[in-house]
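Chemist: Below is input_22.txt; it holds compact mmCIF, C-alpha atoms and all ligand atoms.
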# COMPACT_ATOMS: atom_id res chain seq x y z
CA MET A 1 52.37 19.58 -35.79
CA LYS A 2 52.10 16.02 -37.06
CA THR A 3 55.51 14.39 -37.32
CA VAL A 4 56.20 11.45 -39.61
CA VAL A 5 58.38 9.68 -37.03
CA ARG A 6 58.42 10.02 -33.26
CA ALA A 7 59.79 13.48 -32.38
CA PRO A 8 62.86 13.57 -30.11
CA ASP A 9 62.26 14.60 -26.52
CA PRO A 10 63.44 18.13 -25.69
CA VAL A 11 66.52 18.20 -23.44
CA ASN A 12 66.39 20.53 -20.44
CA LEU A 13 68.60 21.21 -17.44
CA PRO A 14 67.13 22.24 -14.10
CA VAL A 15 68.11 25.67 -12.77
CA ARG A 16 68.89 26.14 -9.08
CA ASP A 17 66.29 28.30 -7.25
CA GLU A 18 64.28 28.81 -10.43
CA GLU A 19 61.08 27.15 -11.55
CA GLY A 20 61.85 27.27 -15.28
CA VAL A 21 64.22 24.86 -16.98
CA PHE A 22 67.14 25.58 -19.34
CA PRO A 23 66.46 24.18 -22.83
CA VAL A 24 69.65 22.80 -24.35
CA HIS A 25 70.53 23.64 -27.96
CA ARG A 26 74.14 22.51 -28.63
CA ILE A 27 77.06 21.26 -26.55
CA TYR A 28 80.51 22.57 -27.44
CA CYS A 29 83.52 21.09 -25.64
CA VAL A 30 87.02 22.50 -25.44
CA GLY A 31 89.98 20.13 -25.48
CA ARG A 32 93.42 20.68 -23.92
CA ASN A 33 92.54 23.79 -21.93
CA TYR A 34 94.63 23.06 -18.82
CA ALA A 35 98.41 22.78 -19.37
CA ALA A 36 98.93 19.92 -16.87
CA HIS A 37 96.28 17.84 -18.64
CA VAL A 38 97.89 18.51 -22.04
CA VAL A 39 101.14 17.14 -20.61
CA GLU A 40 99.51 14.02 -19.13
CA MET A 41 97.97 13.28 -22.55
CA GLY A 42 101.44 13.43 -24.12
CA GLY A 43 101.12 16.91 -25.64
CA ASP A 44 103.01 20.19 -25.38
CA PRO A 45 100.88 23.12 -24.14
CA ASP A 46 103.30 25.63 -25.66
CA ARG A 47 102.78 24.20 -29.14
CA GLU A 48 99.15 23.05 -29.17
CA THR A 49 96.33 25.51 -28.70
CA PRO A 50 92.94 24.42 -27.33
CA PHE A 51 90.33 23.32 -29.86
CA PHE A 52 86.66 22.35 -29.95
CA PHE A 53 84.56 19.26 -30.50
CA GLN A 54 80.89 18.60 -29.78
CA LYS A 55 78.59 16.33 -27.90
CA ASN A 56 74.86 16.06 -28.53
CA PRO A 57 72.20 17.44 -26.18
CA ASP A 58 70.87 13.94 -25.55
CA CYS A 59 74.30 12.92 -24.22
CA LEU A 60 73.40 14.78 -21.02
CA VAL A 61 72.68 12.93 -17.78
CA THR A 62 70.60 15.15 -15.54
CA ASN A 63 69.03 15.24 -12.08
CA GLY A 64 71.61 12.97 -10.46
CA ALA A 65 70.87 9.97 -12.68
CA ASP A 66 73.40 7.14 -12.95
CA PHE A 67 76.11 6.82 -15.64
CA PRO A 68 75.72 3.48 -17.42
CA TYR A 69 79.11 2.02 -18.42
CA PRO A 70 79.09 2.29 -22.23
CA PRO A 71 79.67 -0.51 -24.75
CA ARG A 72 82.76 -1.23 -26.91
CA THR A 73 85.29 0.08 -24.40
CA GLY A 74 87.36 -1.03 -21.45
CA ASP A 75 88.78 2.37 -20.53
CA VAL A 76 86.19 5.04 -19.75
CA HIS A 77 87.73 8.13 -18.17
CA HIS A 78 86.29 10.91 -16.02
CA GLU A 79 86.97 14.56 -16.95
CA ILE A 80 85.53 17.16 -14.57
CA GLU A 81 84.68 20.41 -16.35
CA MET A 82 82.93 23.69 -15.66
CA VAL A 83 79.98 24.10 -18.00
CA VAL A 84 78.95 27.51 -19.35
CA ALA A 85 75.26 27.95 -20.18
CA LEU A 86 74.44 30.68 -22.71
CA GLY A 87 71.39 32.87 -22.30
CA SER A 88 71.98 34.70 -25.56
CA GLY A 89 74.26 34.25 -28.55
CA GLY A 90 75.17 35.72 -31.89
CA ARG A 91 78.05 35.83 -34.33
CA ASP A 92 81.44 37.50 -33.89
CA ILE A 93 80.89 38.37 -30.23
CA PRO A 94 83.76 40.56 -28.93
CA VAL A 95 85.68 39.21 -25.92
CA GLU A 96 84.67 42.19 -23.80
CA LYS A 97 80.95 41.55 -24.47
CA ALA A 98 81.09 37.77 -24.16
CA LEU A 99 80.16 37.38 -20.49
CA GLU A 100 76.89 39.22 -21.16
CA CYS A 101 75.81 36.08 -23.07
CA VAL A 102 76.25 33.79 -20.05
CA TYR A 103 73.10 32.73 -18.20
CA GLY A 104 74.89 30.52 -15.69
CA TYR A 105 77.33 27.76 -14.91
CA ALA A 106 77.19 24.08 -14.01
CA VAL A 107 79.46 21.21 -13.02
CA GLY A 108 79.82 18.58 -15.72
CA LEU A 109 81.70 15.44 -16.65
CA ASP A 110 83.10 14.86 -20.14
CA MET A 111 83.08 11.05 -19.97
CA THR A 112 85.45 9.66 -22.57
CA ARG A 113 86.10 6.24 -24.11
CA ARG A 114 89.86 6.79 -23.91
CA ASP A 115 90.77 3.61 -25.77
CA LEU A 116 88.61 4.60 -28.73
CA GLN A 117 89.93 8.17 -28.57
CA ALA A 118 93.51 6.85 -28.82
CA GLU A 119 92.54 4.87 -31.95
CA CYS A 120 90.89 7.98 -33.45
CA LYS A 121 93.95 10.12 -32.76
CA LYS A 122 96.27 7.53 -34.26
CA ALA A 123 94.17 7.24 -37.41
CA GLY A 124 93.55 11.01 -37.68
CA ARG A 125 89.79 10.42 -37.36
CA PRO A 126 87.10 12.50 -35.61
CA TRP A 127 86.33 11.86 -31.95
CA GLU A 128 82.57 11.24 -31.88
CA ILE A 129 82.82 7.56 -30.98
CA ALA A 130 85.03 8.47 -28.02
CA LYS A 131 83.12 11.52 -26.83
CA ALA A 132 79.52 11.72 -28.03
CA PHE A 133 77.96 8.46 -26.83
CA GLU A 134 74.73 8.32 -24.84
CA HIS A 135 75.07 9.43 -21.19
CA SER A 136 78.57 10.85 -21.87
CA ALA A 137 77.78 14.24 -20.30
CA PRO A 138 76.51 14.07 -16.71
CA CYS A 139 75.70 17.63 -15.61
CA SER A 140 74.48 19.40 -12.47
CA ALA A 141 71.69 21.92 -12.32
CA ILE A 142 72.60 25.33 -13.69
CA PHE A 143 73.59 27.98 -11.18
CA ARG A 144 72.56 31.43 -12.40
CA ALA A 145 75.32 33.97 -12.99
CA SER A 146 73.00 36.52 -11.37
CA ALA A 147 73.42 34.49 -8.15
CA ILE A 148 77.05 33.26 -8.31
CA GLY A 149 78.73 35.77 -10.61
CA HIS A 150 81.30 34.72 -13.23
CA PRO A 151 83.82 32.47 -11.45
CA GLY A 152 87.35 32.95 -12.82
CA LYS A 153 89.07 31.16 -9.97
CA GLY A 154 88.05 28.26 -7.75
CA ALA A 155 89.13 24.70 -6.96
CA VAL A 156 88.05 22.04 -9.45
CA VAL A 157 88.08 18.68 -7.65
CA LEU A 158 86.90 15.22 -8.63
CA THR A 159 86.89 12.33 -6.17
CA VAL A 160 86.18 8.68 -6.92
CA ASN A 161 84.90 6.70 -3.92
CA GLY A 162 86.16 9.51 -1.68
CA GLU A 163 89.69 9.55 -3.12
CA THR A 164 90.89 12.69 -4.91
CA ARG A 165 91.72 12.02 -8.56
CA GLN A 166 91.56 15.41 -10.27
CA GLU A 167 92.51 18.70 -8.70
CA GLY A 168 92.95 22.02 -10.47
CA ASP A 169 91.72 25.59 -10.46
CA LEU A 170 89.54 27.53 -12.88
CA GLY A 171 92.32 30.13 -12.96
CA GLN A 172 94.52 27.59 -14.80
CA MET A 173 92.35 27.56 -17.92
CA ILE A 174 94.39 28.49 -21.03
CA TRP A 175 91.34 29.92 -22.82
CA LYS A 176 89.13 31.86 -20.41
CA VAL A 177 85.35 31.80 -20.83
CA PRO A 178 85.08 35.11 -22.76
CA GLU A 179 87.77 33.96 -25.20
CA MET A 180 85.96 30.69 -25.84
CA ILE A 181 82.68 32.46 -26.54
CA ALA A 182 84.34 34.99 -28.83
CA TYR A 183 86.25 32.31 -30.74
CA LEU A 184 83.27 29.96 -31.11
CA SER A 185 81.01 32.78 -32.26
CA GLY A 186 83.34 33.38 -35.19
CA LEU A 187 82.80 29.80 -36.36
CA PHE A 188 79.16 29.20 -35.42
CA GLU A 189 76.14 31.28 -34.61
CA LEU A 190 75.82 30.82 -30.86
CA ARG A 191 72.28 30.48 -29.52
CA PRO A 192 70.45 30.65 -26.20
CA GLY A 193 70.58 27.12 -24.80
CA ASP A 194 74.14 26.39 -25.94
CA LEU A 195 76.46 24.78 -23.41
CA ILE A 196 80.25 25.01 -23.42
CA MET A 197 82.28 22.40 -21.53
CA THR A 198 85.46 24.25 -20.68
CA GLY A 199 88.10 21.50 -20.46
CA THR A 200 89.51 19.39 -17.66
CA PRO A 201 92.47 19.69 -15.28
CA SER A 202 94.99 16.87 -14.91
CA GLY A 203 94.34 13.58 -13.15
CA VAL A 204 91.94 11.97 -15.62
CA GLY A 205 91.58 8.24 -15.20
CA PRO A 206 89.37 5.17 -15.59
CA VAL A 207 86.12 4.39 -13.82
CA VAL A 208 84.52 1.00 -13.18
CA ARG A 209 80.97 -0.07 -12.38
CA GLY A 210 80.07 0.76 -8.80
CA ASP A 211 82.31 3.85 -8.60
CA ARG A 212 80.86 6.96 -7.02
CA LEU A 213 82.09 10.19 -8.57
CA HIS A 214 81.85 13.49 -6.74
CA ALA A 215 82.65 16.60 -8.76
CA ARG A 216 82.97 19.98 -7.07
CA ILE A 217 83.84 23.41 -8.42
CA ALA A 218 84.26 26.06 -5.73
CA GLY A 219 81.94 28.98 -6.34
CA VAL A 220 79.80 26.97 -8.78
CA GLY A 221 78.37 23.75 -7.38
CA GLU A 222 78.59 19.98 -7.07
CA LEU A 223 77.59 16.85 -8.95
CA ASP A 224 77.33 13.22 -7.77
CA VAL A 225 77.29 10.37 -10.26
CA LYS A 226 77.30 6.60 -9.80
CA VAL A 227 78.73 4.32 -12.50
CA VAL A 228 76.38 1.38 -13.12
MN MN B 301 87.15 17.20 -21.86
Produce structure tokens that represent the structure in this file.
Modeler:
Amino acid sequence: MKTVVRAPDPVNLPVRDEEGVFPVHRIYCVGRNYAAHVVEMGGDPDRETPFFFQKNPDCLVTNGADFPYPPRTGDVHHEIEMVVALGSGGRDIPVEKALECVYGYAVGLDMTRRDLQAECKKAGRPWEIAKAFEHSAPCSAIFRASAIGHPGKGAVVLTVNGETRQEGDLGQMIWKVPEMIAYLSGLFELRPGDLIMTGTPSGVGPVVRGDRLHARIAGVGELDVKVV
């Protein structure tokens, strides 16, 4: 079809041990899903439930590419997160059917302009400028659920230049994966190609140019990113 302006490039993630790629539709992100992280951000996990925001598919950084330090910030933070990749979707998906929608899992980073996020929170404004900038979502290849299963437990560890900064466990998630899918599907029609970033454990902190980030989720996979 003839387009009147240049068409956007499709965004795909590689899939481990599979020739085909995973075409990305939307990226949903859950905030405040690990109690210790809620506390470090000044919140109370007993009073605040998790919630969702979005990034755009073209925020993804794939195939081990570098993370360029973004403009208009002096405080970019790392947030290691397990990423859920949906193979099917729908509306009002029951919790007990939700895992049937999952194609696989990946290791991702929800890179965040924390200084801009603090301004947004203070002013009661949306978070896009803090969360949905270009290159804000480095992500590993997808590991098929048919190969790794549905990991409910497993260490979530992020090191910067070899030093451990974030350490948690998938079992600490407040909303588990089936609950996220069920909840989201009540608000949106979920589609094949949707990604869900499932929240970060405690230990978030700033990165600087030259840093080497290594993200590892036991039972899922690994991701290496250099800040340039
Ligand atoms: Mn996050």
Chemist: Neighbours of ligand MN 301 (chain B) at 6 Å or closer, counting all atoms listed in the file: which residues, as a PDB file with C-alpha atoms, in the coordinates of the input?
Modeler:
ATOM      1  CA  GLY A  31      89.980  20.130 -25.480  1.00  0.00           C
ATOM      2  CA  GLU A  79      86.970  14.560 -16.950  1.00  0.00           C
ATOM      3  CA  ASP A 110      83.100  14.860 -20.140  1.00  0.00           C
ATOM      4  CA  GLY A 199      88.100  21.500 -20.460  1.00  0.00           C
ATOM      5  CA  THR A 200      89.510  19.390 -17.660  1.00  0.00           C
TER       6      THR A 200
END
Chemist: Which is closer to A:Asp115 than all the others in A:Arg144, A:Met41, A:His77, A:Met180, using all atoms listed in the file?
Modeler: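 Closest candidate: A:His77.
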Chemist: Find, counting all atoms listed in the file, the residue in A:Val84, A:Lys131, A:Asp75, A:Val15 that gets nearest to A:Ala98.
Modeler: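 Nearest candidate to A:Ala98 out of A:Val84, A:Lys131, A:Asp75, A:Val15: A:Val84.
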Chemist: Mind checking which residues fall within 9 Å of A:Phe67, counting all atoms listed in the file, ignoring those fewer than 6 positions away in the same chain, and posting them as a list in words?
Modeler: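 Counting only the stated atoms, we get Val61, His135, Ser136, Ala137, Pro138, Val225, Lys226, Val227 and Val228 of chain A.
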Chemist: Which residue out of A:Arg165, A:Lys121, A:Arg32, A:Lys153 has the minimum interatomic distance to A:Thr198 when only C-alpha atoms are used?
Modeler: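 Ranked by minimum distance to A:Thr198, first place goes to A:Arg32.
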Chemist: Using only the atoms of stretch 168-185 of chain A listed in the file, plus 4 Å on each side, state the axis-aligned box centre and edge lengths in Å rounded to one decimal, as JSON.
Modeler:
{"center_x": 87.8, "center_y": 28.6, "center_z": -21.4, "size_x": 21.5, "size_y": 21.1, "size_z": 29.8}
Chemist: Which residue out of A:Pro126, A:Gly203, A:Gly149, A:Gly186 has the minimum interatomic distance to A:Thr164 when all atoms listed in the file are used?
Modeler: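 Closest to A:Thr164 of all the choices is A:Gly203.
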Chemist: What does the distance between atom CA of A:Val24 and atom CA of A:Leu86 come to in Å, to one decimal place?
Modeler: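 Atom-to-atom, atom CA of A:Val24 and atom CA of A:Leu86 are spaced 9.4 Å apart.
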Chemist: Between A:Phe133, A:Tyr28, A:Trp175, A:Tyr183, single out the one closest to A:Gly152, counting only C-alpha atoms.
Modeler: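 Comparing A:Phe133, A:Tyr28, A:Trp175, A:Tyr183 against A:Gly152, the winner is A:Trp175.
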Chemist: Per residue of stretch 48-160 of chain A within 12 Å of stretch 204-208 of chain A, note the shortest atom pair and the distance in Å to one decimal, counting all atoms listed in the file, and order the rows by chain and increasing residue number, as a tab-separated table.
Modeler:
residue	atom	partner	partner_atom	distance
A:Phe67	CA	A:Val207	CA	10.5
A:Pro68	CA	A:Val208	CA	10.1
A:Tyr69	CA	A:Val208	CA	7.6
A:Pro70	CA	A:Val208	CA	10.6
A:Thr73	CA	A:Pro206	CA	11.0
A:Gly74	CA	A:Pro206	CA	8.8
A:Asp75	CA	A:Pro206	CA	5.7
A:Val76	CA	A:Pro206	CA	5.2
A:His77	CA	A:Pro206	CA	4.3
A:His78	CA	A:Val204	CA	5.8
A:Glu79	CA	A:Val204	CA	5.8
A:Ile80	CA	A:Val204	CA	8.3
A:Glu81	CA	A:Val204	CA	11.2
A:Leu109	CA	A:Val204	CA	10.9
A:Asp110	CA	A:Val204	CA	10.3
A:Met111	CA	A:Val207	CA	9.6
A:Thr112	CA	A:Pro206	CA	9.2
A:Arg113	CA	A:Pro206	CA	9.2
A:Arg114	CA	A:Pro206	CA	8.5
A:Asp115	CA	A:Pro206	CA	10.4
A:Val157	CA	A:Val204	CA	11.1
A:Leu158	CA	A:Val204	CA	9.2
A:Thr159	CA	A:Val204	CA	10.7
A:Val160	CA	A:Val207	CA	8.1
